[in-house]
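Data first, discussion second: the structure below is written as structure tokens.
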Amino acid sequence: MGTHLITGAGSGIGEAVTERLVERGEELWLLARDAGRARELAARFPGARTVVGDLADPDRLSWALGQQALPERLDSLLHIAGVVDLGEVGELTPKVWTRQLAVNLVSPAELTRLLLPQLRVAQGHVVFVNSGAGLRASSQWGAYAASKHGLKALADALRWEESGHGVRVTTVYPGRTATPMQVKVHQQEGKEYDPERWMTAGSVATTVLAALDLPRDAEITDLSVRPIA
């Protein structure tokens with residue numbers, strides 16, 4: 001049984017991964033943005049513990065985590081939470097840029113920094129659930145893609161830096177997935193949403209677990225998964 005800390009456990013891919021790990025009897029710590037969300041997660045996933053920290057405010061994560069109990073070791077840190085707001089570069093305001101960079105990039109970096117001691121103890125695994133936008137940017141995806149390109153750079157640098165401590169680092173790049181985030185994306189794009197066109201969150205969860213379950217003599221560095229056209 002491993003110990004895992006998960007962001008984004010309340011919805012979409014994060015929820016699917018959490019459900020799989022609950023079924024396996026793993027020890028789970030779930031990051032929640034506030035106390036109300038923490039109570040919701042605790043009720044949804046009995047036995048899981050919660051940690052409160054707002055990814056939209058990375059400057060306060062160190063203080064927030066310092067006030068709470070944390071695991072002594074971590075077999076994995078799973079960065080799955082994210083936000084998306086589309087818009088052309090000529091229209092996006094600094095507020096929109098800052099929010100996406102904070103949640104999608106700066107907070108994962110800070111959370112990783114704060115939990116590296118526990119990951120090193122366990123020779124654990126950091127998994128970044130990125131996006132196809134982390135490899136290429138399209139019209140109206142500039143801010144989101146920039147945050148995800150940065151997340152790729154974070155993962156690549158971390159992999160080099162922590163290999164000597166036995167910490168593995170994997171980035172998963174999902175294509176379009178039938179999640180609440182995808183509903184929002186379609187609304188912003190002005191398109192009709194048909195979940196049958198996209199892969200399920202469970203399919204992405206399977207790829208995440210494949211990376212976690214790989215024997216210790218190997219590491220999946222980058223893994224892309226796409227819906228079948």
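Going by the structure tokens order, chains are called A, B, ..., each with residues numbered from 1, while ligands are numbered from 1 in the order shown.
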
Inset, instruction - Using only C-alpha atoms, determine which residues lie at most 12 Å from range 197-207 of chain A, disregarding the query and same-chain residues fewer than 2 positions distant; provide the list as a PyMOL selection string. - result: chain A and resi 9+11-21+78+80+127-131+170-183+192-195+209-214+220+222-229

Legend entry - Who sits within 6 Å of range 49-52 of chain A, only C-alpha atoms, same chain under 3 positions skipped, as a PyMOL selection string: chain A and resi 29-34+38

Take the residues just selected and output them with N, CA, C and O atoms as a CSV table (one decimal), in the first residue's frame.
chain,number,residue,atom,x,y,z
A,29,TRP,N,-4.1,11.3,0.5
A,29,TRP,CA,-4.2,12.7,1.0
A,29,TRP,C,-4.6,13.5,-0.1
A,29,TRP,O,-4.0,13.6,-1.2
A,30,LEU,N,-5.8,14.2,0.1
A,30,LEU,CA,-6.4,15.0,-1.0
A,30,LEU,C,-6.3,16.5,-0.7
A,30,LEU,O,-6.7,16.9,0.3
A,31,LEU,N,-5.7,17.2,-1.7
A,31,LEU,CA,-5.6,18.7,-1.5
A,31,LEU,C,-7.0,19.3,-1.8
A,31,LEU,O,-7.5,19.0,-2.9
A,32,ALA,N,-7.5,20.2,-1.0
A,32,ALA,CA,-8.7,20.9,-1.2
A,32,ALA,C,-8.4,22.4,-1.1
A,32,ALA,O,-7.6,22.8,-0.3
A,33,ARG,N,-9.2,23.2,-1.9
A,33,ARG,CA,-8.9,24.6,-1.9
A,33,ARG,C,-9.4,25.3,-0.6
A,33,ARG,O,-8.9,26.4,-0.3
A,34,ASP,N,-10.4,24.7,0.1
A,34,ASP,CA,-10.9,25.4,1.3
A,34,ASP,C,-11.5,24.3,2.2
A,34,ASP,O,-11.6,23.1,1.8
A,38,ALA,N,-12.8,20.4,1.5
A,38,ALA,CA,-12.2,19.3,2.2
A,38,ALA,C,-13.3,18.4,2.8
A,38,ALA,O,-13.2,17.2,2.7

Inset, instruction - Please report, as a PyMOL selection string, each residue of range 12-207 of chain A to which DSSP assigns helix (DSSP H, G or I) when run on this structure's backbone. - result: chain A and resi 12-23+35-44+58-66+94-122+132-134+142-165+180-189+195-197+201-207

Legend entry - Nearest to Ala137 in chain A, chosen from A:Ile6, A:Leu86, A:Leu41, A:Ala81, with only C-alpha atoms counted in the distances: A:Leu86

Inset, instruction - Grab the CA of Val83 in chain A to CA of Glu189 in chain A distance for me, in Å with one decimal place. - result: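 Separation of CA of Val83 in chain A and CA of Glu189 in chain A: 15.3 Å.
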
Inset, instruction - Would you please extract all strand (DSSP E) residues from range 36-163 of chain A, as assigned by DSSP on the backbone, and give them as JSON, numbers by chain? - result: {"A": [49, 50, 51, 52, 76, 77, 78, 79, 125, 126, 127, 128, 129]}

Inset, instruction - Could you check which of A:Gln187, A:Thr7, A:Gln118, A:Gln123 is closest to Asn104 in chain A, using only C-alpha atoms? - result: A:Thr7

Inset, instruction - Go through A:Thr112, A:Gln140, A:Gln100, A:Gln68 one by one, measure the shortest atom-to-atom distance of each to Gly124 in chain A using only C-alpha atoms, and give the residue with the smallest value. - result: A:Thr112

Inset, instruction - Would you list the contacts of Trp141 in chain A as a PyMOL selection string, taking every protein, DNA or RNA residue within 8 Å and counting only C-alpha atoms, but skipping same-chain residues closer than 6 positions in sequence? - result: chain A and resi 85-88+133

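Considering only C-alpha atoms, the residue among A:Glu162, A:Asp75, A:Glu91, A:Asp156 positioned nearest to Val121 in chain A is A:Asp75.
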
Legend entry - Spatial neighbours of Thr3 in chain A, 7 Å, only C-alpha atoms, chain gap at least 6 places, as a ChimeraX atom specification: /A:26-28,74-76

Same residues, N, CA, C and O atoms, saved as a tab-separated table (two decimals), in the first residue's frame:
chain	number	residue	atom	x	y	z
A	26	GLU	N	-5.15	2.14	-1.16
A	26	GLU	CA	-3.99	3.00	-0.92
A	26	GLU	C	-4.32	4.07	0.11
A	26	GLU	O	-5.49	4.42	0.35
A	27	GLU	N	-3.28	4.64	0.72
A	27	GLU	CA	-3.46	5.75	1.66
A	27	GLU	C	-3.45	7.06	0.86
A	27	GLU	O	-2.47	7.37	0.19
A	28	LEU	N	-4.53	7.84	0.98
A	28	LEU	CA	-4.69	9.02	0.15
A	28	LEU	C	-4.77	10.29	0.99
A	28	LEU	O	-5.43	10.34	2.03
A	74	LEU	N	5.97	10.01	0.96
A	74	LEU	CA	5.02	10.01	-0.15
A	74	LEU	C	5.54	9.12	-1.26
A	74	LEU	O	6.64	9.33	-1.77
A	75	ASP	N	4.72	8.15	-1.63
A	75	ASP	CA	5.07	7.32	-2.78
A	75	ASP	C	4.73	8.01	-4.09
A	75	ASP	O	5.34	7.72	-5.11
A	76	SER	N	3.78	8.93	-4.04
A	76	SER	CA	3.53	9.73	-5.24
A	76	SER	C	2.87	11.04	-4.88
A	76	SER	O	2.12	11.16	-3.90
